[in-house]
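Structure file entry.txt with compact mmCIF, C-alpha atoms (C1' of nucleotides) and all ligand atoms:
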```
# COMPACT_ATOMS: atom_id res chain seq x y z
CA MET W 17 82.06 94.69 95.05
CA LEU W 18 84.42 97.54 94.23
CA SER W 19 87.87 97.52 95.81
CA ASN W 20 88.90 100.35 98.08
CA ALA W 21 91.24 101.52 95.35
CA CYS W 22 88.39 101.75 92.87
CA GLN W 23 86.09 103.55 95.28
CA TYR W 24 88.84 106.05 96.00
CA ALA W 25 89.42 106.52 92.28
CA ILE W 26 85.78 107.15 91.47
CA ARG W 27 85.31 109.58 94.32
CA SER W 28 88.54 111.41 93.50
CA ILE W 29 87.57 111.84 89.89
CA LEU W 30 84.11 113.05 90.79
CA TYR W 31 85.72 115.41 93.26
CA LEU W 32 88.09 116.75 90.63
CA GLY W 33 85.14 117.01 88.28
CA MET W 34 83.42 119.23 90.80
CA CYS W 35 86.17 121.60 91.75
CA SER W 36 89.07 121.50 89.34
CA ASP W 37 89.95 122.56 85.86
CA GLU W 38 93.09 123.53 84.01
CA LYS W 39 93.31 126.76 86.02
CA HIS W 40 92.52 125.18 89.38
CA LYS W 41 94.63 122.16 90.11
CA VAL W 42 94.34 120.22 93.34
CA GLY W 43 97.13 118.40 95.19
CA VAL W 44 97.01 114.86 96.54
CA LYS W 45 97.11 116.18 100.05
CA THR W 46 93.93 118.18 99.59
CA ILE W 47 92.08 115.40 97.85
CA SER W 48 93.05 112.84 100.46
CA GLU W 49 91.97 115.13 103.27
CA GLU W 50 88.69 116.10 101.67
CA LEU W 51 87.72 112.54 100.82
CA GLU W 52 89.30 111.01 103.93
CA VAL W 53 91.43 108.59 101.99
CA PRO W 54 95.02 107.46 102.80
CA GLN W 55 97.35 109.92 101.17
CA PRO W 56 100.27 107.85 99.84
CA PHE W 57 97.88 105.24 98.54
CA LEU W 58 95.90 107.87 96.73
CA ALA W 59 99.09 109.30 95.26
CA LYS W 60 99.86 105.98 93.62
CA LEU W 61 96.32 105.70 92.42
CA LEU W 62 96.30 109.14 90.82
CA GLN W 63 99.57 108.28 89.15
CA GLN W 64 97.88 105.30 87.58
CA LEU W 65 94.81 107.30 86.61
CA ASN W 66 97.05 109.85 84.97
CA LYS W 67 98.82 107.19 82.93
CA SER W 68 95.43 105.91 81.85
CA HIS W 69 94.36 109.40 80.77
CA LEU W 70 91.55 109.62 83.27
CA VAL W 71 93.05 112.57 85.13
CA THR W 72 95.67 115.12 84.15
CA SER W 73 98.57 116.29 86.29
CA THR W 74 101.38 118.79 86.29
CA LYS W 75 104.42 118.79 88.53
CA GLY W 76 106.03 121.58 90.41
CA PRO W 77 104.68 124.51 92.38
CA TYR W 78 101.08 125.31 91.54
CA GLY W 79 100.94 121.86 90.05
CA GLY W 80 98.45 119.18 90.96
CA PHE W 81 95.64 117.16 89.46
CA TYR W 82 92.64 118.23 87.44
CA LEU W 83 90.24 116.94 84.82
CA SER W 84 90.73 118.15 81.31
CA ASP W 85 87.66 118.49 79.10
CA GLU W 86 88.62 115.19 77.61
CA ASN W 87 88.87 113.58 81.04
CA LYS W 88 85.39 114.79 81.87
CA GLU W 89 83.91 112.85 78.99
CA LYS W 90 85.07 109.53 80.44
CA THR W 91 82.63 107.25 82.21
CA VAL W 92 82.72 105.61 85.62
CA TRP W 93 82.99 102.36 83.75
CA ASP W 94 86.30 103.55 82.31
CA ILE W 95 87.57 104.04 85.84
CA ILE W 96 86.45 100.60 86.98
CA LEU W 97 88.01 99.09 83.89
CA VAL W 98 91.39 100.58 84.74
CA ILE W 99 91.43 99.90 88.48
CA ASP W 100 89.52 96.71 89.17
CA GLY W 101 88.95 95.32 85.73
CA THR W 102 85.41 94.40 84.84
CA ASP W 103 85.63 90.64 85.07
CA LYS W 104 84.04 90.36 88.42
CA PHE W 105 81.00 92.21 87.21
CA SER W 106 80.19 89.48 84.77
CA GLN W 107 80.80 86.82 87.37
CA CYS W 108 78.16 84.89 89.24
CA PHE W 109 77.16 86.26 92.64
CA LEU W 110 77.55 82.81 94.15
CA GLY W 111 80.76 81.99 92.29
CA LEU W 112 79.53 79.65 89.58
CA SER W 113 82.06 79.40 86.79
CA LYS W 114 79.53 80.80 84.33
CA CYS W 115 76.79 83.33 84.87
CA GLY W 116 73.91 83.55 82.45
CA ASP W 117 70.18 83.20 81.95
CA ASP W 118 70.67 79.66 80.73
CA ASN W 119 72.33 78.40 83.91
CA PRO W 120 71.01 80.75 86.58
CA CYS W 121 72.04 80.34 90.19
CA PRO W 122 69.32 80.92 92.79
CA VAL W 123 69.91 84.66 92.87
CA HIS W 124 70.84 85.22 89.24
CA PHE W 125 67.76 87.09 88.05
CA THR W 126 67.64 89.36 91.05
CA VAL W 127 71.30 90.19 90.70
CA SER W 128 71.39 90.64 86.97
CA ALA W 129 68.48 93.07 87.06
CA PHE W 130 70.54 95.20 89.40
CA LYS W 131 73.66 94.87 87.36
CA ASN W 132 71.92 96.05 84.23
CA LYS W 133 70.60 99.09 85.98
CA ILE W 134 73.79 100.22 87.63
CA PHE W 135 75.94 99.35 84.64
CA LYS W 136 73.77 101.46 82.41
CA ASP W 137 74.59 104.45 84.61
CA PHE W 138 78.25 103.59 84.76
CA LYS W 139 78.61 103.03 81.05
CA ASP W 140 76.35 105.74 79.67
CA LYS W 141 76.82 108.73 81.92
CA THR W 142 79.99 110.77 81.62
CA VAL W 143 81.87 112.08 84.61
CA ALA W 144 80.57 115.53 83.64
CA GLN W 145 77.00 114.28 83.78
CA PHE W 146 77.57 112.67 87.15
CA VAL W 147 78.98 115.92 88.45
CA GLU W 148 75.95 117.80 87.15
CA GLU W 149 73.69 115.43 88.99
CA ILE W 150 75.70 115.62 92.18
CA LYS W 151 75.33 119.37 92.21
CA GLU W 152 71.67 119.39 91.21
CA LYS W 153 70.42 116.61 93.40
CA GLY W 154 72.74 117.13 96.32
CA ARG W 155 74.62 113.85 96.27
CA TYR W 156 77.65 113.24 98.46
CA ILE W 157 81.12 111.98 97.66
CA SER W 158 82.47 112.82 101.10
CA LEU W 159 80.85 113.43 104.42
CA LYS W 160 83.15 116.35 105.03
CA LYS W 161 81.43 119.60 104.29
CA PHE W 162 83.59 121.07 101.59
CA ASP W 163 82.43 124.02 99.54
CA VAL W 164 81.60 122.50 96.20
CA LEU W 165 82.14 125.71 94.32
CA GLY W 166 84.98 127.04 96.45
CA ALA W 167 87.99 126.22 94.37
CA ALA W 168 86.40 127.01 91.03
CA SER W 169 84.53 130.16 91.92
CA ASP W 170 87.16 132.87 92.26
CA MET L 21 80.60 91.39 97.28
CA LEU L 22 80.62 87.98 98.92
CA SER L 23 83.99 86.42 99.71
CA ASN L 24 84.92 83.13 98.10
CA ALA L 25 84.50 81.53 101.49
CA CYS L 26 80.96 82.80 101.77
CA GLN L 27 80.03 81.72 98.26
CA TYR L 28 81.40 78.27 98.97
CA ALA L 29 79.45 78.14 102.22
CA ILE L 30 76.15 79.12 100.64
CA ARG L 31 76.51 76.71 97.77
CA SER L 32 77.60 73.89 100.08
CA ILE L 33 74.64 74.38 102.32
CA LEU L 34 72.22 74.53 99.41
CA TYR L 35 73.87 71.41 98.07
CA LEU L 36 73.47 69.62 101.37
CA GLY L 37 69.92 70.88 101.49
CA MET L 38 69.28 69.21 98.16
CA CYS L 39 70.83 65.84 98.72
CA SER L 40 71.51 65.12 102.35
CA ASP L 41 69.69 64.30 105.51
CA GLU L 42 70.45 62.42 108.71
CA LYS L 43 70.49 59.15 106.79
CA HIS L 44 72.52 60.43 103.84
CA LYS L 45 75.65 62.23 104.89
CA VAL L 46 78.09 63.63 102.42
CA GLY L 47 81.89 63.91 102.81
CA VAL L 48 84.01 66.99 102.14
CA LYS L 49 85.59 65.25 99.22
CA THR L 50 82.30 64.76 97.44
CA ILE L 51 81.07 68.26 98.13
CA SER L 52 84.30 69.84 96.95
CA GLU L 53 84.27 67.81 93.78
CA GLU L 54 80.62 68.44 93.01
CA LEU L 55 80.87 72.17 93.59
CA GLU L 56 84.41 72.49 92.25
CA VAL L 57 85.74 74.11 95.38
CA PRO L 58 89.19 73.60 96.97
CA GLN L 59 88.91 70.68 99.32
CA PRO L 60 91.03 71.61 102.37
CA PHE L 61 89.60 75.10 102.34
CA LEU L 62 86.10 73.73 102.28
CA ALA L 63 86.93 71.37 105.14
CA LYS L 64 87.82 74.33 107.34
CA LEU L 65 84.73 76.13 106.27
CA LEU L 66 82.42 73.24 107.08
CA GLN L 67 84.08 72.97 110.45
CA GLN L 68 83.16 76.56 111.10
CA LEU L 69 79.64 76.09 109.81
CA ASN L 70 79.25 73.12 112.09
CA LYS L 71 80.37 75.14 115.10
CA SER L 72 77.83 77.77 114.15
CA HIS L 73 75.07 75.19 113.92
CA LEU L 74 74.45 75.73 110.24
CA VAL L 75 75.44 72.20 109.27
CA THR L 76 75.70 68.99 111.23
CA SER L 77 78.53 66.47 111.06
CA THR L 78 79.53 63.09 112.33
CA LYS L 79 83.00 61.57 112.29
CA GLY L 80 84.14 58.15 111.28
CA PRO L 81 83.15 55.74 108.52
CA TYR L 82 79.73 56.57 107.08
CA GLY L 83 80.18 59.96 108.65
CA GLY L 84 80.04 63.27 106.85
CA PHE L 85 77.98 66.42 106.68
CA TYR L 86 74.26 66.93 106.40
CA LEU L 87 71.54 69.40 107.26
CA SER L 88 69.34 68.60 110.21
CA ASP L 89 65.74 69.80 110.10
CA GLU L 90 66.85 72.63 112.32
CA ASN L 91 69.69 73.53 109.93
CA LYS L 92 67.23 73.69 107.06
CA GLU L 93 65.27 76.44 108.77
CA LYS L 94 68.26 78.79 108.73
CA THR L 95 68.46 81.57 106.19
CA VAL L 96 71.18 82.55 103.74
CA TRP L 97 71.57 85.66 105.82
CA ASP L 98 72.59 83.47 108.76
CA ILE L 99 75.36 82.03 106.62
CA ILE L 100 76.61 85.43 105.50
CA LEU L 101 76.51 86.61 109.09
CA VAL L 102 78.80 83.80 110.19
CA ILE L 103 81.28 83.88 107.31
CA ASP L 104 81.60 87.45 106.08
CA GLY L 105 79.72 89.41 108.67
CA THR L 106 77.06 91.75 107.43
CA ASP L 107 78.84 95.05 107.91
CA LYS L 108 79.77 95.48 104.33
CA PHE L 109 76.17 95.16 103.24
CA SER L 110 75.24 98.28 105.10
CA GLN L 111 78.24 100.12 103.74
CA CYS L 112 78.23 102.65 100.95
CA PHE L 113 78.97 101.34 97.47
CA LEU L 114 81.51 104.12 96.98
CA GLY L 115 83.00 103.85 100.44
CA LEU L 116 81.46 106.83 102.21
CA SER L 117 81.71 106.42 105.95
CA LYS L 118 77.93 106.50 106.24
CA CYS L 119 75.31 105.21 103.86
CA GLY L 120 71.77 106.46 104.08
CA ASP L 121 68.96 108.32 102.36
CA ASP L 122 70.02 111.50 104.10
CA ASN L 123 73.54 111.55 102.67
CA PRO L 124 73.25 109.60 99.46
CA CYS L 125 76.25 109.08 97.22
CA PRO L 126 75.63 109.27 93.48
CA VAL L 127 74.61 105.63 93.25
CA HIS L 128 72.93 105.25 96.61
CA PHE L 129 69.32 104.92 95.51
CA THR L 130 70.11 102.50 92.72
CA VAL L 131 72.14 100.35 95.05
CA SER L 132 69.85 100.41 98.02
CA ALA L 133 66.88 99.33 95.90
CA PHE L 134 68.87 96.27 94.95
CA LYS L 135 70.02 95.62 98.46
CA ASN L 136 66.49 95.66 99.77
CA LYS L 137 65.40 93.16 97.20
CA ILE L 138 68.18 90.68 97.62
CA PHE L 139 68.28 91.04 101.39
CA LYS L 140 64.60 90.28 101.60
CA ASP L 141 65.30 86.94 99.92
CA PHE L 142 68.32 86.27 102.07
CA LYS L 143 66.63 87.17 105.32
CA ASP L 144 63.15 85.77 104.75
CA LYS L 145 63.60 82.58 102.82
CA THR L 146 64.85 79.52 104.64
CA VAL L 147 67.40 77.16 103.18
CA ALA L 148 64.55 74.68 102.73
CA GLN L 149 62.61 77.22 100.69
CA PHE L 150 65.62 77.98 98.56
CA VAL L 151 66.10 74.29 97.91
CA GLU L 152 62.43 73.98 96.91
CA GLU L 153 62.87 76.76 94.43
CA ILE L 154 66.08 75.34 93.04
CA LYS L 155 64.34 72.08 92.30
CA GLU L 156 61.16 73.66 90.94
CA LYS L 157 62.67 76.36 88.83
CA GLY L 158 65.82 74.55 87.80
CA ARG L 159 68.42 76.79 89.38
CA TYR L 160 72.08 75.86 89.49
CA ILE L 161 74.55 75.74 92.34
CA SER L 162 77.19 73.97 90.27
CA LEU L 163 77.74 73.59 86.58
CA LYS L 164 78.57 69.94 87.05
CA LYS L 165 75.61 67.78 86.22
CA PHE L 166 74.99 65.94 89.44
CA ASP L 167 71.79 64.03 89.99
CA VAL L 168 69.85 66.19 92.37
CA LEU L 169 67.84 63.37 93.77
CA GLY L 170 70.53 60.72 93.52
CA ALA L 171 71.81 60.55 97.07
CA ALA L 172 68.41 60.92 98.69
CA SER L 173 66.35 58.65 96.47
CA ASP L 174 67.36 55.11 97.38
C1' DA I 3 120.72 130.17 88.67
C1' DT I 4 118.51 128.72 92.92
C1' DA I 5 115.20 127.30 96.22
C1' DT I 6 110.87 125.28 96.50
C1' DA I 7 106.80 122.67 95.64
C1' DA I 8 104.54 118.96 93.70
C1' DA I 9 104.01 114.63 91.14
C1' DA I 10 106.55 110.19 89.44
C1' DA I 11 108.90 106.14 90.40
C1' DG I 12 110.53 102.37 92.85
C1' DA I 13 111.10 99.69 96.97
C1' DT I 14 109.11 97.88 100.97
C1' DA I 15 105.77 96.72 104.68
C1' DT I 16 101.36 95.21 106.57
C1' DT I 17 97.02 93.00 106.50
C1' DT I 18 93.54 90.10 104.74
C1' DT I 19 92.06 86.38 102.06
C1' DT I 20 92.72 82.08 100.25
C1' DA I 21 94.66 77.67 100.46
C1' DT I 22 97.33 73.59 102.17
C1' DC I 23 99.36 70.20 105.35
C1' DC I 24 99.86 67.32 109.29
C1' DT I 25 98.33 65.22 113.48
C1' DA I 26 94.53 64.06 116.74
C1' DA I 27 90.03 62.42 117.90
C1' DA I 28 85.91 59.91 117.02
C1' DT I 29 83.10 56.39 114.93
C1' DT I 30 82.12 52.20 112.55
C1' DA I 31 82.56 47.51 110.78
C1' DA I 32 84.76 43.36 110.99
C1' DT B 20 90.07 45.11 119.86
C1' DT B 21 91.77 46.58 115.61
C1' DA B 22 91.95 48.71 111.11
C1' DA B 23 89.83 51.97 108.37
C1' DT B 24 87.50 56.19 107.56
C1' DT B 25 86.11 60.71 108.28
C1' DT B 26 85.82 65.14 110.76
C1' DA B 27 88.41 68.47 114.12
C1' DG B 28 92.19 71.23 115.24
C1' DG B 29 96.41 73.60 114.79
C1' DA B 30 100.23 75.32 112.16
C1' DT B 31 101.81 77.14 108.06
C1' DA B 32 102.09 78.95 103.26
C1' DA B 33 100.96 81.67 99.26
C1' DA B 34 98.69 85.37 97.04
C1' DA B 35 96.34 89.63 96.76
C1' DA B 36 95.01 94.03 98.52
C1' DT B 37 96.17 97.91 101.10
C1' DA B 38 99.36 101.18 102.72
C1' DT B 39 103.83 103.59 103.47
C1' DC B 40 108.46 105.41 102.67
C1' DT B 41 112.33 107.32 100.11
C1' DT B 42 114.40 109.20 96.15
C1' DT B 43 114.07 111.34 91.60
C1' DT B 44 112.13 114.35 88.23
C1' DT B 45 109.79 118.43 86.69
C1' DA B 46 108.07 123.01 86.85
C1' DT B 47 107.58 127.55 89.05
C1' DA B 48 108.71 131.92 91.18
C1' DT B 49 112.17 134.74 92.76
S1 LIG A 201 74.42 82.62 87.65
FE1 LIG A 201 74.74 83.41 89.63
S2 LIG A 201 74.48 85.51 89.34
FE2 LIG A 201 74.26 84.72 87.33
S1 LIG A 202 75.57 106.40 100.35
FE1 LIG A 202 76.64 105.29 98.84
S2 LIG A 202 75.44 103.53 98.65
FE2 LIG A 202 74.42 104.60 100.20
```
Since I need it in another form, could you write the structure as structure tokens?
Amino acid sequence: MLSNACQYAIRSILYLGMCSDEKHKVGVKTISEELEVPQPFLAKLLQQLNKSHLVTSTKGPYGGFYLSDENKEKTVWDIILVIDGTDKFSQCFLGLSKCGDDNPCPVHFTVSAFKNKIFKDFKDKTVAQFVEEIKEKGRYISLKKFDVLGAASD
Amino acid sequence: MLSNACQYAIRSILYLGMCSDEKHKVGVKTISEELEVPQPFLAKLLQQLNKSHLVTSTKGPYGGFYLSDENKEKTVWDIILVIDGTDKFSQCFLGLSKCGDDNPCPVHFTVSAFKNKIFKDFKDKTVAQFVEEIKEKGRYISLKKFDVLGAASD
DNA sequence: ATATAAAAAGATATTTTTATCCTAAATTAA
DNA sequence: TTAATTTAGGATAAAAATATCTTTTTATAT
């Protein structure tokens, strides 16, 4: 459903949301290791996310990536829009040229119920809200045990 | 989520379920035109489905593809298994290396609810049952207006 | 100023998915 | 038996997704 690139992007942004800010930037190397994602690929991806104003970066020593306050108000939908585009989400699960209640394929109503639910989350909740929930409810964005508060708690 | 190949396969089999039997075989050309699917690609696909005993074929004039009674008792899950494999259905929506209730990603519970629902359909309902439902409830597997009963009603 | 660290940019490589083409084999009707 | 038709099989091509490598630019600390 989501491309690798898009999954990496979402997880990276949630990661940055959890343990970065203007004072605590994180390098590609760290992110790629923490999330177990190919490093050079992620570098390109972050470059693109930066251009799209979804993450912020600075070069040079002590540089790296972080989410500005503005970045944190973006939604997951914004990320998907930039990386994968959202076309395929409106497409029929079985590949019909049109997807809608008026010409439903055999799985249309099952699928569209799901879509509505998950899209609501993706469109309504900000990155900041997702991060809140991750911390409160104990959700995972990596199976590596990193200290959620480590980088931001000194 | 499903590859093009897999979508084509499912729709082709449902199509054959609707308007073929041992006495009424359908050629690749017809199927590809009715479902608006690339013909040579579909030919390969049907070959594979035949080898996997999901469709039946005969060569020569008056030959073509059809579903035997046995074929009609297969499930959509069987098709997915053969074409795409089912690995990706057990994988995490955000690409975590493990997906489960014990290490849920931020969208895990939303997604797994959906998976359970759609998988139940795919695993439990036979092709024959799907075809029943398509006819009863007026579902679509193509946006071309073909006569559902045409081929099988002479 | 200089050395260093980190992202940006551009070029390239690999893999997977999708699609096409050509020849062979089988079946049928005449 | 022959011509016609249709699937089977094998080779190849094109496109997209994924991944890597190298060089350049920018910022920092000393
Ligand atoms: S018509 Fe197939 S999912 Fe909507
Ligand atoms: S852990 Fe992500 S979908 Fe299950």
Problem - All residues having an atom within 10 Å of ligand LIG 201 (chain A) (all atoms listed in the file) as a ChimeraX atom specification - result: /W:105-129,131 /L:159-163
Completion exercise
chain I proximity check over W:Gln55, W:Ser19, W:Ser48, W:Thr74, using all atoms listed in the file: winner is W:Thr74
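Pairwise distance (C1' of DA27 in chain I, CA of Leu101 in chain L) equals 29.1 Å.
Contacts from chain W to chain B at a cut-off of 12 Å (all atoms listed in the file) map to Leu18, Ser19, Asn20, Ala21, Cys22, Val53, Pro54, Gln55, Pro56, Phe57, Leu58, Ala59, Lys60, Leu61, Ser73, Thr74, Lys75, Gly76, Pro77, Tyr78, Gly79, Gly80 and Asp100 of chain W.
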Exercise for the section: Select all residues from chain I having any atom no more than 6 Å from an atom of chain W (counting all atoms listed in the file, ignoring ligands), output as a VMD selection string. Expected result: chain I and resid 7 to 9
Exercise for the section: Kindly give the distance, in Å, that separates CA of Val92 in chain W and CA of Glu50 in chain W, rounded to a single decimal. Expected result: 20.1 Å
Exercise for the section: Measure the distance from CA of Asp137 in chain W to CA of Trp97 in chain L in Å and round it to one decimal. Expected result: 28.5 Å
Axis-aligned box for ligand LIG 202 (chain A), 6 Å per side, centre and edges in Å as AutoDock Vina command-line options:
```
--center_x 75.5 --center_y 105.0 --center_z 99.5 --size_x 14.2 --size_y 14.9 --size_z 13.7
```
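Nearest residue to chain W, choosing from L:Glu56, L:Ile51, L:Glu90, L:His73 and counting all atoms listed in the file: L:Glu56.
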Missing atoms in range 131-141 of chain W need filling: write out all heavy atoms for it as a short mmCIF file (atom, residue, chain, number, x, y, z; two decimals), keeping the file's coordinate frame.
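Done, and the output landed in rebuild.cif:
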```cif
data_model
loop_
_atom_site.label_atom_id
_atom_site.label_comp_id
_atom_site.auth_asym_id
_atom_site.auth_seq_id
_atom_site.Cartn_x
_atom_site.Cartn_y
_atom_site.Cartn_z
N LYS W 131 72.46 94.60 88.15
CA LYS W 131 73.66 94.87 87.36
C LYS W 131 73.32 95.71 86.14
O LYS W 131 73.98 96.69 85.84
CB LYS W 131 74.30 93.56 86.90
CG LYS W 131 75.19 92.91 87.93
CD LYS W 131 75.93 91.75 87.28
CE LYS W 131 76.65 90.88 88.29
NZ LYS W 131 77.09 89.61 87.69
N ASN W 132 72.28 95.31 85.44
CA ASN W 132 71.92 96.05 84.23
C ASN W 132 71.64 97.51 84.53
O ASN W 132 72.05 98.39 83.79
CB ASN W 132 70.69 95.41 83.59
CG ASN W 132 71.01 94.03 83.06
OD1 ASN W 132 72.18 93.69 82.85
ND2 ASN W 132 69.99 93.21 82.88
N LYS W 133 70.96 97.72 85.63
CA LYS W 133 70.60 99.09 85.98
C LYS W 133 71.84 99.93 86.31
O LYS W 133 72.05 101.00 85.77
CB LYS W 133 69.63 99.09 87.15
CG LYS W 133 69.12 100.47 87.53
CD LYS W 133 67.77 100.38 88.23
CE LYS W 133 67.35 101.70 88.87
NZ LYS W 133 67.65 102.88 88.05
N ILE W 134 72.65 99.41 87.20
CA ILE W 134 73.79 100.22 87.63
C ILE W 134 74.84 100.33 86.52
O ILE W 134 75.49 101.35 86.36
CB ILE W 134 74.40 99.71 88.95
CG1 ILE W 134 75.23 100.82 89.59
CG2 ILE W 134 75.21 98.46 88.76
CD1 ILE W 134 75.49 100.60 91.06
N PHE W 135 74.97 99.29 85.73
CA PHE W 135 75.94 99.35 84.64
C PHE W 135 75.55 100.36 83.59
O PHE W 135 76.39 101.01 82.99
CB PHE W 135 76.09 97.99 83.96
CG PHE W 135 76.84 97.02 84.79
CD1 PHE W 135 77.15 97.31 86.11
CD2 PHE W 135 77.25 95.80 84.27
CE1 PHE W 135 77.84 96.40 86.88
CE2 PHE W 135 77.95 94.90 85.05
CZ PHE W 135 78.23 95.20 86.35
N LYS W 136 74.25 100.48 83.39
CA LYS W 136 73.77 101.46 82.41
C LYS W 136 74.26 102.85 82.82
O LYS W 136 74.82 103.58 82.00
CB LYS W 136 72.25 101.42 82.34
CG LYS W 136 71.69 102.15 81.13
CD LYS W 136 70.19 101.93 80.98
CE LYS W 136 69.58 102.97 80.03
NZ LYS W 136 70.37 103.14 78.79
N ASP W 137 74.08 103.17 84.11
CA ASP W 137 74.59 104.45 84.61
C ASP W 137 76.08 104.56 84.39
O ASP W 137 76.58 105.56 83.87
CB ASP W 137 74.33 104.56 86.13
CG ASP W 137 72.99 105.21 86.43
OD1 ASP W 137 72.14 105.26 85.53
OD2 ASP W 137 72.81 105.67 87.57
N PHE W 138 76.79 103.54 84.80
CA PHE W 138 78.25 103.59 84.76
C PHE W 138 78.79 103.68 83.34
O PHE W 138 79.80 104.31 83.09
CB PHE W 138 78.84 102.36 85.44
CG PHE W 138 78.74 102.41 86.94
CD1 PHE W 138 79.09 101.30 87.70
CD2 PHE W 138 78.32 103.56 87.60
CE1 PHE W 138 79.01 101.33 89.09
CE2 PHE W 138 78.23 103.61 88.98
CZ PHE W 138 78.57 102.48 89.72
N LYS W 139 78.09 103.05 82.42
CA LYS W 139 78.61 103.03 81.05
C LYS W 139 78.14 104.23 80.23
O LYS W 139 78.84 104.69 79.35
CB LYS W 139 78.16 101.75 80.35
CG LYS W 139 78.91 100.52 80.80
CD LYS W 139 78.37 99.26 80.12
CE LYS W 139 79.13 98.02 80.59
NZ LYS W 139 78.44 96.78 80.21
N ASP W 140 76.92 104.69 80.52
CA ASP W 140 76.35 105.74 79.67
C ASP W 140 76.69 107.15 80.12
O ASP W 140 76.96 108.02 79.32
CB ASP W 140 74.82 105.61 79.62
CG ASP W 140 74.39 104.35 78.89
OD1 ASP W 140 75.28 103.66 78.36
OD2 ASP W 140 73.19 104.06 78.84
N LYS W 141 76.64 107.36 81.44
CA LYS W 141 76.82 108.73 81.92
C LYS W 141 78.29 109.11 82.01
O LYS W 141 79.10 108.36 82.54
CB LYS W 141 76.14 108.89 83.29
CG LYS W 141 74.65 109.15 83.14
CD LYS W 141 73.83 108.95 84.37
CE LYS W 141 74.21 109.61 85.63
NZ LYS W 141 73.25 109.25 86.72
#
```
